[in-house]
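K.L.:
My structure file structure.pdb, PDB, C-alpha atoms, is below:
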```pdb
MODEL        1
ATOM      1  CA  MET A   1      12.929   1.292  18.157  1.00  0.00           C
ATOM      2  CA  THR A   2       9.534   0.286  19.506  1.00  0.00           C
ATOM      3  CA  GLU A   3       9.352   3.334  21.764  1.00  0.00           C
ATOM      4  CA  GLY A   4      10.666   5.560  19.000  1.00  0.00           C
ATOM      5  CA  LEU A   5       8.118   4.293  16.519  1.00  0.00           C
ATOM      6  CA  SER A   6       5.324   4.780  19.033  1.00  0.00           C
ATOM      7  CA  SER A   7       6.391   8.366  19.675  1.00  0.00           C
ATOM      8  CA  VAL A   8       6.360   9.128  15.947  1.00  0.00           C
ATOM      9  CA  ILE A   9       2.826   7.766  15.664  1.00  0.00           C
ATOM     10  CA  LYS A  10       1.705  10.061  18.491  1.00  0.00           C
ATOM     11  CA  ILE A  11       3.360  13.089  16.888  1.00  0.00           C
ATOM     12  CA  LEU A  12       2.013  12.462  13.398  1.00  0.00           C
ATOM     13  CA  PRO A  13      -1.461  10.950  13.758  1.00  0.00           C
ATOM     14  CA  ALA A  14      -2.790  10.208  10.289  1.00  0.00           C
ATOM     15  CA  LYS A  15      -5.363   7.749   9.038  1.00  0.00           C
ATOM     16  CA  GLU A  16      -5.376   5.892   5.747  1.00  0.00           C
ATOM     17  CA  TYR A  17      -8.811   5.081   4.365  1.00  0.00           C
ATOM     18  CA  TYR A  18      -8.711   2.385   1.701  1.00  0.00           C
ATOM     19  CA  LEU A  19     -10.684   0.011  -0.505  1.00  0.00           C
ATOM     20  CA  GLN A  20      -9.186  -2.830  -2.532  1.00  0.00           C
ATOM     21  CA  GLY A  21     -10.052  -5.101  -5.416  1.00  0.00           C
ATOM     22  CA  SER A  22      -8.540  -6.894  -8.392  1.00  0.00           C
ATOM     23  CA  ILE A  23      -9.011  -7.162 -12.132  1.00  0.00           C
ATOM     24  CA  ASN A  24      -7.845  -9.679 -14.721  1.00  0.00           C
ATOM     25  CA  ASP A  25      -4.878  -8.630 -16.821  1.00  0.00           C
ATOM     26  CA  ASN A  26      -6.940  -8.801 -20.019  1.00  0.00           C
ATOM     27  CA  ALA A  27      -9.347  -6.134 -18.679  1.00  0.00           C
ATOM     28  CA  LYS A  28      -6.690  -3.780 -17.290  1.00  0.00           C
ATOM     29  CA  ASP A  29      -6.549  -1.466 -20.314  1.00  0.00           C
ATOM     30  CA  VAL A  30     -10.309  -0.876 -20.159  1.00  0.00           C
ATOM     31  CA  LEU A  31      -9.995   0.094 -16.498  1.00  0.00           C
ATOM     32  CA  LEU A  32      -7.086   2.438 -17.238  1.00  0.00           C
ATOM     33  CA  HIS A  33      -9.206   4.159 -19.881  1.00  0.00           C
ATOM     34  CA  ARG A  34     -12.058   4.554 -17.382  1.00  0.00           C
ATOM     35  CA  LEU A  35      -9.723   5.992 -14.745  1.00  0.00           C
ATOM     36  CA  ARG A  36      -8.230   8.482 -17.185  1.00  0.00           C
ATOM     37  CA  GLY A  37     -11.735   9.820 -17.785  1.00  0.00           C
ATOM     38  CA  LEU A  38     -12.687   9.998 -14.109  1.00  0.00           C
ATOM     39  CA  CYS A  39      -9.480  11.292 -12.519  1.00  0.00           C
ATOM     40  CA  ASP A  40      -7.569  14.574 -12.616  1.00  0.00           C
ATOM     41  CA  SER A  41      -5.260  15.480 -15.523  1.00  0.00           C
ATOM     42  CA  THR A  42      -7.337  13.519 -18.029  1.00  0.00           C
ATOM     43  CA  GLU A  43      -5.308  14.862 -20.970  1.00  0.00           C
ATOM     44  CA  SER A  44      -1.968  13.517 -19.736  1.00  0.00           C
ATOM     45  CA  GLU A  45      -0.664  10.004 -19.345  1.00  0.00           C
ATOM     46  CA  PRO A  46      -1.002   8.458 -15.862  1.00  0.00           C
ATOM     47  CA  GLU A  47       2.010   8.361 -13.576  1.00  0.00           C
ATOM     48  CA  THR A  48       3.839   5.028 -13.648  1.00  0.00           C
ATOM     49  CA  PHE A  49       5.852   3.315 -10.933  1.00  0.00           C
ATOM     50  CA  HIS A  50       8.271   0.396 -10.733  1.00  0.00           C
ATOM     51  CA  ASP A  51       9.177  -0.234  -7.096  1.00  0.00           C
ATOM     52  CA  HIS A  52      11.042  -2.798  -5.049  1.00  0.00           C
ATOM     53  CA  GLU A  53       9.393  -3.205  -1.648  1.00  0.00           C
ATOM     54  CA  MET A  54      10.797  -5.107   1.330  1.00  0.00           C
ATOM     55  CA  VAL A  55       8.757  -5.951   4.412  1.00  0.00           C
ATOM     56  CA  TYR A  56      10.690  -6.027   7.693  1.00  0.00           C
ATOM     57  CA  VAL A  57       9.427  -7.354  11.038  1.00  0.00           C
ATOM     58  CA  ILE A  58      10.549  -7.029  14.630  1.00  0.00           C
ATOM     59  CA  ARG A  59       8.874  -8.550  17.664  1.00  0.00           C
ATOM     60  CA  ALA A  60       8.405  -6.207  20.597  1.00  0.00           C
ATOM     61  CA  ALA A  61       7.449  -7.035  24.155  1.00  0.00           C
ATOM     62  CA  GLY A  62       3.719  -6.801  24.764  1.00  0.00           C
ATOM     63  CA  PRO A  63       1.525  -7.392  27.826  1.00  0.00           C
ATOM     64  CA  GLY A  64       2.924 -10.213  29.961  1.00  0.00           C
ATOM     65  CA  THR A  65       5.011 -12.553  27.822  1.00  0.00           C
ATOM     66  CA  GLN A  66       3.216 -11.705  24.571  1.00  0.00           C
ATOM     67  CA  GLN A  67       5.369 -10.770  21.584  1.00  0.00           C
ATOM     68  CA  ILE A  68       3.819  -8.160  19.299  1.00  0.00           C
ATOM     69  CA  PRO A  69       5.114  -8.068  15.683  1.00  0.00           C
ATOM     70  CA  ILE A  70       5.800  -4.606  14.274  1.00  0.00           C
ATOM     71  CA  THR A  71       6.003  -4.413  10.496  1.00  0.00           C
ATOM     72  CA  VAL A  72       7.497  -1.674   8.323  1.00  0.00           C
ATOM     73  CA  ARG A  73       7.904  -1.476   4.564  1.00  0.00           C
ATOM     74  CA  ALA A  74      11.067  -0.184   2.914  1.00  0.00           C
ATOM     75  CA  SER A  75      10.810   0.681  -0.768  1.00  0.00           C
ATOM     76  CA  HIS A  76      12.664   2.431  -3.550  1.00  0.00           C
ATOM     77  CA  ALA A  77      11.940   3.246  -7.173  1.00  0.00           C
ATOM     78  CA  LEU A  78      13.765   1.000  -9.622  1.00  0.00           C
ATOM     79  CA  ASP A  79      12.965   3.367 -12.486  1.00  0.00           C
ATOM     80  CA  HIS A  80      14.271   6.405 -10.532  1.00  0.00           C
ATOM     81  CA  PRO A  81      17.207   5.054  -8.489  1.00  0.00           C
ATOM     82  CA  ASP A  82      18.347   8.540  -7.417  1.00  0.00           C
ATOM     83  CA  GLU A  83      15.105   9.242  -5.543  1.00  0.00           C
ATOM     84  CA  PRO A  84      14.991   8.792  -1.738  1.00  0.00           C
ATOM     85  CA  TRP A  85      14.041   5.510  -0.135  1.00  0.00           C
ATOM     86  CA  HIS A  86      10.703   5.382   1.660  1.00  0.00           C
ATOM     87  CA  LEU A  87       9.850   3.870   5.021  1.00  0.00           C
ATOM     88  CA  ARG A  88       6.185   3.124   5.551  1.00  0.00           C
ATOM     89  CA  TYR A  89       4.340   1.950   8.626  1.00  0.00           C
ATOM     90  CA  VAL A  90       0.712   0.842   8.474  1.00  0.00           C
ATOM     91  CA  GLY A  91      -1.188  -0.352  11.504  1.00  0.00           C
ATOM     92  CA  ASN A  92      -3.822  -3.034  11.648  1.00  0.00           C
ATOM     93  CA  PRO A  93      -7.308  -2.099  10.428  1.00  0.00           C
ATOM     94  CA  GLU A  94      -9.306  -0.385  13.155  1.00  0.00           C
ATOM     95  CA  ALA A  95     -12.018  -2.475  14.776  1.00  0.00           C
ATOM     96  CA  SER A  96     -14.672   0.008  13.664  1.00  0.00           C
ATOM     97  CA  SER A  97     -13.771  -0.692  10.000  1.00  0.00           C
ATOM     98  CA  SER A  98     -15.818  -3.894  10.100  1.00  0.00           C
ATOM     99  CA  ASP A  99     -18.947  -1.899  10.933  1.00  0.00           C
ATOM    100  CA  ARG A 100     -21.300  -2.090   7.942  1.00  0.00           C
ATOM    101  CA  SER A 101     -22.039   1.617   8.298  1.00  0.00           C
ATOM    102  CA  LYS A 102     -18.387   2.425   7.524  1.00  0.00           C
ATOM    103  CA  SER A 103     -17.623   2.910   3.829  1.00  0.00           C
ATOM    104  CA  ALA A 104     -13.889   2.080   3.949  1.00  0.00           C
ATOM    105  CA  MET A 105     -11.211   0.324   5.971  1.00  0.00           C
ATOM    106  CA  VAL A 106      -9.169   2.592   8.264  1.00  0.00           C
ATOM    107  CA  ARG A 107      -5.648   2.194   9.638  1.00  0.00           C
ATOM    108  CA  THR A 108      -2.851   4.348  11.042  1.00  0.00           C
ATOM    109  CA  CYS A 109      -0.267   5.266   8.412  1.00  0.00           C
ATOM    110  CA  ILE A 110       3.149   6.939   8.415  1.00  0.00           C
ATOM    111  CA  ASP A 111       5.236   7.440   5.268  1.00  0.00           C
ATOM    112  CA  VAL A 112       8.651   9.165   5.348  1.00  0.00           C
ATOM    113  CA  GLY A 113      11.544   9.645   2.972  1.00  0.00           C
ATOM    114  CA  THR A 114      14.945   8.346   4.063  1.00  0.00           C
ATOM    115  CA  SER A 115      18.557   8.032   2.929  1.00  0.00           C
ATOM    116  CA  ASP A 116      19.890   4.978   1.101  1.00  0.00           C
ATOM    117  CA  GLU A 117      21.225   3.685   4.451  1.00  0.00           C
ATOM    118  CA  LEU A 118      17.721   2.598   5.450  1.00  0.00           C
ATOM    119  CA  LEU A 119      18.225  -1.175   5.188  1.00  0.00           C
ATOM    120  CA  PRO A 120      21.411  -1.372   7.316  1.00  0.00           C
ATOM    121  CA  PHE A 121      19.696   0.891   9.848  1.00  0.00           C
ATOM    122  CA  LEU A 122      16.662  -1.398  10.138  1.00  0.00           C
ATOM    123  CA  GLN A 123      18.857  -4.473  10.448  1.00  0.00           C
ATOM    124  CA  GLU A 124      20.951  -2.842  13.155  1.00  0.00           C
ATOM    125  CA  LEU A 125      17.780  -2.131  15.113  1.00  0.00           C
ATOM    126  CA  GLY A 126      16.844  -5.808  14.997  1.00  0.00           C
ATOM    127  CA  PHE A 127      14.385  -5.872  12.106  1.00  0.00           C
ATOM    128  CA  ARG A 128      14.486  -8.958   9.878  1.00  0.00           C
ATOM    129  CA  LEU A 129      13.416  -9.264   6.258  1.00  0.00           C
ATOM    130  CA  ASP A 130      10.091 -11.111   6.044  1.00  0.00           C
ATOM    131  CA  PHE A 131       9.425 -10.987   2.302  1.00  0.00           C
ATOM    132  CA  GLU A 132       9.967  -8.767  -0.738  1.00  0.00           C
ATOM    133  CA  TYR A 133       8.391  -8.142  -4.115  1.00  0.00           C
ATOM    134  CA  VAL A 134       8.375  -5.826  -7.114  1.00  0.00           C
ATOM    135  CA  MET A 135       5.371  -3.699  -8.074  1.00  0.00           C
ATOM    136  CA  LYS A 136       4.784  -2.164 -11.486  1.00  0.00           C
ATOM    137  CA  GLY A 137       1.782  -0.082 -12.344  1.00  0.00           C
ATOM    138  CA  TYR A 138      -0.067   3.193 -12.717  1.00  0.00           C
ATOM    139  CA  MET A 139      -1.195   5.871 -10.286  1.00  0.00           C
ATOM    140  CA  PHE A 140      -4.120   8.263 -10.689  1.00  0.00           C
ATOM    141  CA  ARG A 141      -5.386  11.085  -8.472  1.00  0.00           C
ATOM    142  CA  LYS A 142      -8.884  12.420  -7.894  1.00  0.00           C
ATOM    143  CA  GLY A 143      -8.654  15.306  -5.473  1.00  0.00           C
ATOM    144  CA  ARG A 144      -7.097  13.833  -2.320  1.00  0.00           C
ATOM    145  CA  MET A 145      -7.862  10.275  -3.402  1.00  0.00           C
ATOM    146  CA  LYS A 146      -5.209   8.069  -4.976  1.00  0.00           C
ATOM    147  CA  VAL A 147      -5.869   5.061  -7.207  1.00  0.00           C
ATOM    148  CA  THR A 148      -3.146   2.536  -7.992  1.00  0.00           C
ATOM    149  CA  VAL A 149      -3.271  -0.296 -10.516  1.00  0.00           C
ATOM    150  CA  SER A 150      -0.422  -2.643  -9.568  1.00  0.00           C
ATOM    151  CA  LYS A 151       1.059  -5.820 -10.984  1.00  0.00           C
ATOM    152  CA  ILE A 152       2.929  -7.747  -8.288  1.00  0.00           C
ATOM    153  CA  PHE A 153       5.998  -9.872  -9.035  1.00  0.00           C
ATOM    154  CA  ARG A 154       7.956 -12.303  -6.876  1.00  0.00           C
ATOM    155  CA  LEU A 155      11.746 -12.333  -6.943  1.00  0.00           C
ATOM    156  CA  LEU A 156      13.291 -15.568  -8.210  1.00  0.00           C
ATOM    157  CA  GLN A 157      16.354 -14.882  -6.053  1.00  0.00           C
ATOM    158  CA  GLN A 158      16.436 -12.790  -2.886  1.00  0.00           C
ATOM    159  CA  GLY A 159      17.508  -9.221  -3.565  1.00  0.00           C
ATOM    160  CA  LYS A 160      17.780  -9.716  -7.350  1.00  0.00           C
ATOM    161  CA  THR A 161      15.170  -7.482  -8.959  1.00  0.00           C
ATOM    162  CA  ASP A 162      16.236  -8.347 -12.517  1.00  0.00           C
ATOM    163  CA  GLY A 163      14.749 -11.852 -12.195  1.00  0.00           C
ATOM    164  CA  ILE A 164      11.030 -11.742 -11.438  1.00  0.00           C
ATOM    165  CA  GLU A 165       7.787 -13.504 -12.319  1.00  0.00           C
ATOM    166  CA  PRO A 166       4.158 -12.419 -11.837  1.00  0.00           C
ATOM    167  CA  VAL A 167       2.378 -13.666  -8.732  1.00  0.00           C
ATOM    168  CA  SER A 168      -0.969 -13.990 -10.549  1.00  0.00           C
ATOM    169  CA  LEU A 169      -2.857 -13.195 -13.750  1.00  0.00           C
ATOM    170  CA  SER A 170      -4.528 -10.162 -12.202  1.00  0.00           C
ATOM    171  CA  CYS A 171      -3.732  -6.660 -10.971  1.00  0.00           C
ATOM    172  CA  LEU A 172      -4.308  -5.208  -7.510  1.00  0.00           C
ATOM    173  CA  ILE A 173      -6.494  -2.093  -7.432  1.00  0.00           C
ATOM    174  CA  GLU A 174      -6.351   0.171  -4.391  1.00  0.00           C
ATOM    175  CA  LEU A 175      -8.239   3.375  -3.687  1.00  0.00           C
ATOM    176  CA  SER A 176      -6.787   5.260  -0.726  1.00  0.00           C
ATOM    177  CA  LEU A 177      -6.815   8.620   1.008  1.00  0.00           C
ATOM    178  CA  ILE A 178      -4.659  10.005   3.832  1.00  0.00           C
ATOM    179  CA  ALA A 179      -6.457  12.294   6.272  1.00  0.00           C
ATOM    180  CA  PRO A 180      -6.102  13.552   9.849  1.00  0.00           C
ATOM    181  CA  THR A 181      -7.922  11.689  12.582  1.00  0.00           C
ATOM    182  CA  GLY A 182     -11.647  12.378  12.727  1.00  0.00           C
ATOM    183  CA  GLN A 183     -12.430  12.879   9.036  1.00  0.00           C
ATOM    184  CA  ASP A 184     -14.454   9.707   8.515  1.00  0.00           C
ATOM    185  CA  ALA A 185     -16.761  11.484   6.050  1.00  0.00           C
ATOM    186  CA  VAL A 186     -14.086  11.157   3.347  1.00  0.00           C
ATOM    187  CA  ALA A 187     -14.858   7.429   3.185  1.00  0.00           C
ATOM    188  CA  ASP A 188     -18.265   8.235   1.707  1.00  0.00           C
ATOM    189  CA  ASP A 189     -16.579  10.145  -1.136  1.00  0.00           C
ATOM    190  CA  MET A 190     -14.416   7.091  -1.776  1.00  0.00           C
ATOM    191  CA  LYS A 191     -17.455   4.835  -1.903  1.00  0.00           C
ATOM    192  CA  THR A 192     -19.114   7.157  -4.432  1.00  0.00           C
ATOM    193  CA  PHE A 193     -16.012   7.069  -6.628  1.00  0.00           C
ATOM    194  CA  ALA A 194     -15.736   3.286  -6.330  1.00  0.00           C
ATOM    195  CA  GLU A 195     -19.307   2.908  -7.583  1.00  0.00           C
ATOM    196  CA  GLN A 196     -18.248   4.542 -10.860  1.00  0.00           C
ATOM    197  CA  LEU A 197     -15.748   1.745 -11.516  1.00  0.00           C
ATOM    198  CA  LYS A 198     -18.378  -0.989 -11.472  1.00  0.00           C
ATOM    199  CA  PRO A 199     -18.781  -3.489 -13.058  1.00  0.00           C
ATOM    200  CA  LEU A 200     -15.117  -3.458 -14.154  1.00  0.00           C
ATOM    201  CA  VAL A 201     -13.835  -3.756 -10.600  1.00  0.00           C
ATOM    202  CA  GLN A 202     -15.506  -4.200  -7.235  1.00  0.00           C
ATOM    203  CA  LEU A 203     -13.608  -2.207  -4.602  1.00  0.00           C
ATOM    204  CA  GLU A 204     -14.347  -3.578  -1.150  1.00  0.00           C
ATOM    205  CA  LYS A 205     -13.314  -3.430   2.487  1.00  0.00           C
ATOM    206  CA  ILE A 206     -10.751  -6.240   2.721  1.00  0.00           C
ATOM    207  CA  ASP A 207      -9.077  -7.196   5.995  1.00  0.00           C
ATOM    208  CA  SER A 208      -5.804  -8.916   5.036  1.00  0.00           C
ATOM    209  CA  ARG A 209      -5.561 -10.514   8.492  1.00  0.00           C
ATOM    210  CA  ARG A 210      -8.649 -12.600   7.762  1.00  0.00           C
ATOM    211  CA  LEU A 211      -7.223 -13.688   4.411  1.00  0.00           C
ATOM    212  CA  GLN A 212      -4.052 -14.903   6.124  1.00  0.00           C
ATOM    213  CA  SER A 213      -6.089 -17.088   8.484  1.00  0.00           C
ATOM    214  CA  VAL A 214      -8.093 -18.800   5.715  1.00  0.00           C
TER     215      VAL A 214
ENDMDL
END
```
Take the structure in the file and give it back as structure tokens.

P.N.:
Amino acid sequence: MTEGLSSVIKILPAKEYYLQGSINDNAKDVLLHRLRGLCDSTESEPETFHDHEMVYVIRAAGPGTQQIPITVRASHALDHPDEPWHLRYVGNPEASSSDRSKSAMVRTCIDVGTSDELLPFLQELGFRLDFEYVMKGYMFRKGRMKVTVSKIFRLLQQGKTDGIEPVSLSCLIELSLIAPTGQDAVADDMKTFAEQLKPLVQLEKIDSRRLQSV
């Protein structure tokens, strides 16, 4: 699976540029109103989603005796159960993302639709479930940019999506854009858009690996 995943990445090189932030639940409606005015299709209601996402990990052999964890995300829509499952791979943020001259974080990204046999397939390959959660929220588009306003819920019992509770009293805001390698200029457009959401939400370059080490 490690070699197969690597070959897919080489065949489909794509970069995800992203900025993240959060907003208190009591200010969410104001932000949604602002996004409706700034994004495409201002006269229609924003697209909603209600997804169950499972994070699977496998450890592959690295240099010497080092074990390198490879993480993939399997998700499906709870509100549209007949739609395909999705398998998503995101790499670690590129080292250049920490450069102050860069306007957004950058990472390799692959997103594919699959059959409903995805979970048994991952388990047969040796992947193990790390954690899972439910996300509910809204999605907006501005050209090639995507904005999601997500409420994250933990499952009270593994695999049971009908029993959940919110992780916090805030929503996760993510501005992202998928582009071929070498189009770093799109990050400047994202920064310009993010400025229009202030002071409601501060979208920033956040490296989740640093948060995990705090």

K.L.:
Skipping near chain neighbours, those fewer than 5 positions away, what residues fall within 8 Å of stretch 183-197 of chain A using only C-alpha atoms, listed as a list in words?

P.N.:
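What passes the distance filter is Tyr17, Leu31, Arg34, Lys102, Ser103, Ala104, Met145, Leu175, Ser176, Gln202 and Leu203 of chain A.
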
K.L.:
Grab the residues selected above and save them as an mmCIF file, keeping the file's coordinate frame with C-alpha atoms.

P.N.:
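Listed below is the output, again.cif:
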```cif
data_model
loop_
_atom_site.group_PDB
_atom_site.id
_atom_site.type_symbol
_atom_site.label_atom_id
_atom_site.label_comp_id
_atom_site.auth_asym_id
_atom_site.auth_seq_id
_atom_site.Cartn_x
_atom_site.Cartn_y
_atom_site.Cartn_z
ATOM 1 C CA TYR A 17 -8.811 5.081 4.365
ATOM 2 C CA LEU A 31 -9.995 0.094 -16.498
ATOM 3 C CA ARG A 34 -12.058 4.554 -17.382
ATOM 4 C CA LYS A 102 -18.387 2.425 7.524
ATOM 5 C CA SER A 103 -17.623 2.910 3.829
ATOM 6 C CA ALA A 104 -13.889 2.080 3.949
ATOM 7 C CA MET A 145 -7.862 10.275 -3.402
ATOM 8 C CA LEU A 175 -8.239 3.375 -3.687
ATOM 9 C CA SER A 176 -6.787 5.260 -0.726
ATOM 10 C CA GLN A 202 -15.506 -4.200 -7.235
ATOM 11 C CA LEU A 203 -13.608 -2.207 -4.602
#
```

K.L.:
Nearest to A:His52 among A:Glu132, A:Asp40, A:Glu174, A:Glu124, with distances taken over only C-alpha atoms: which residue is it?

P.N.:
A:Glu132

K.L.:
Expand the PyMOL selection byres ((chain A and resi 84) around 8) into the individual residues it matches in the shown file, reporting them as an NGL selection string.

P.N.:
:A and (76 or 82-83 or 85-86 or 113-116)

K.L.:
So, with all atoms listed in the file as the atoms that count, which of A:Leu38, A:Lys151, A:Phe121, A:Gln157 lies closest to A:Leu169?

P.N.:
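Under the stated criterion, the closest residue is A:Lys151.
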
K.L.:
First collect every listed atom of stretch 85-97 of chain A; then fit an axis-aligned box around them, widen it by 5 Å on each side, and give centre and edge lengths in Å to one decimal, as lines of an AutoDock Vina configuration file.

P.N.:
```
center_x = -0.3
center_y = 1.2
center_z = 7.3
size_x = 38.7
size_y = 18.5
size_z = 24.9
```

K.L.:
Convert the output of the PyMOL selection byres ((chain A and resi 161) around 12) on the shown file into explicit residues, formatted as a VMD selection string.

P.N.:
chain A and resid 50 to 54 76 to 79 132 to 136 153 to 160 162 to 165

K.L.:
Kindly resolve the PyMOL selection byres ((chain A and resi 123) around 12) on the present coordinates and return the residues as a list in words.

P.N.:
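Applied to this file, the PyMOL selection byres ((chain A and resi 123) around 12) returns Met1, Val55, Tyr56, Val57, Ile58, Val72, Ala74, Glu117, Leu118, Leu119, Pro120, Phe121, Leu122, Glu124, Leu125, Gly126, Phe127, Arg128, Leu129 and Asp130 of chain A.
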
K.L.:
Given only C-alpha atoms as the basis, pick out the residue of A:Val106, A:Ala27, A:Val147, A:Cys39 nearest to A:Gly91.

P.N.:
A:Val106

K.L.:
Interatomic distance between atom CA of A:Leu172 and atom CA of A:Asp25?

P.N.:
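A separation of 9.9 Å between them.
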
K.L.:
Give the answer as one residue: which of A:Val90, A:Ala95, A:Met105, A:Ile23 has the shortest atom-to-atom distance to A:Lys205, using all atoms listed in the file?

P.N.:
A:Met105

K.L.:
Which of these residues is nearest to A:Ser41, using all atoms listed in the file: A:Phe140, A:Tyr89, A:Glu94, A:Lys198?

P.N.:
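Comparing A:Phe140, A:Tyr89, A:Glu94, A:Lys198 against A:Ser41, the winner is A:Phe140.
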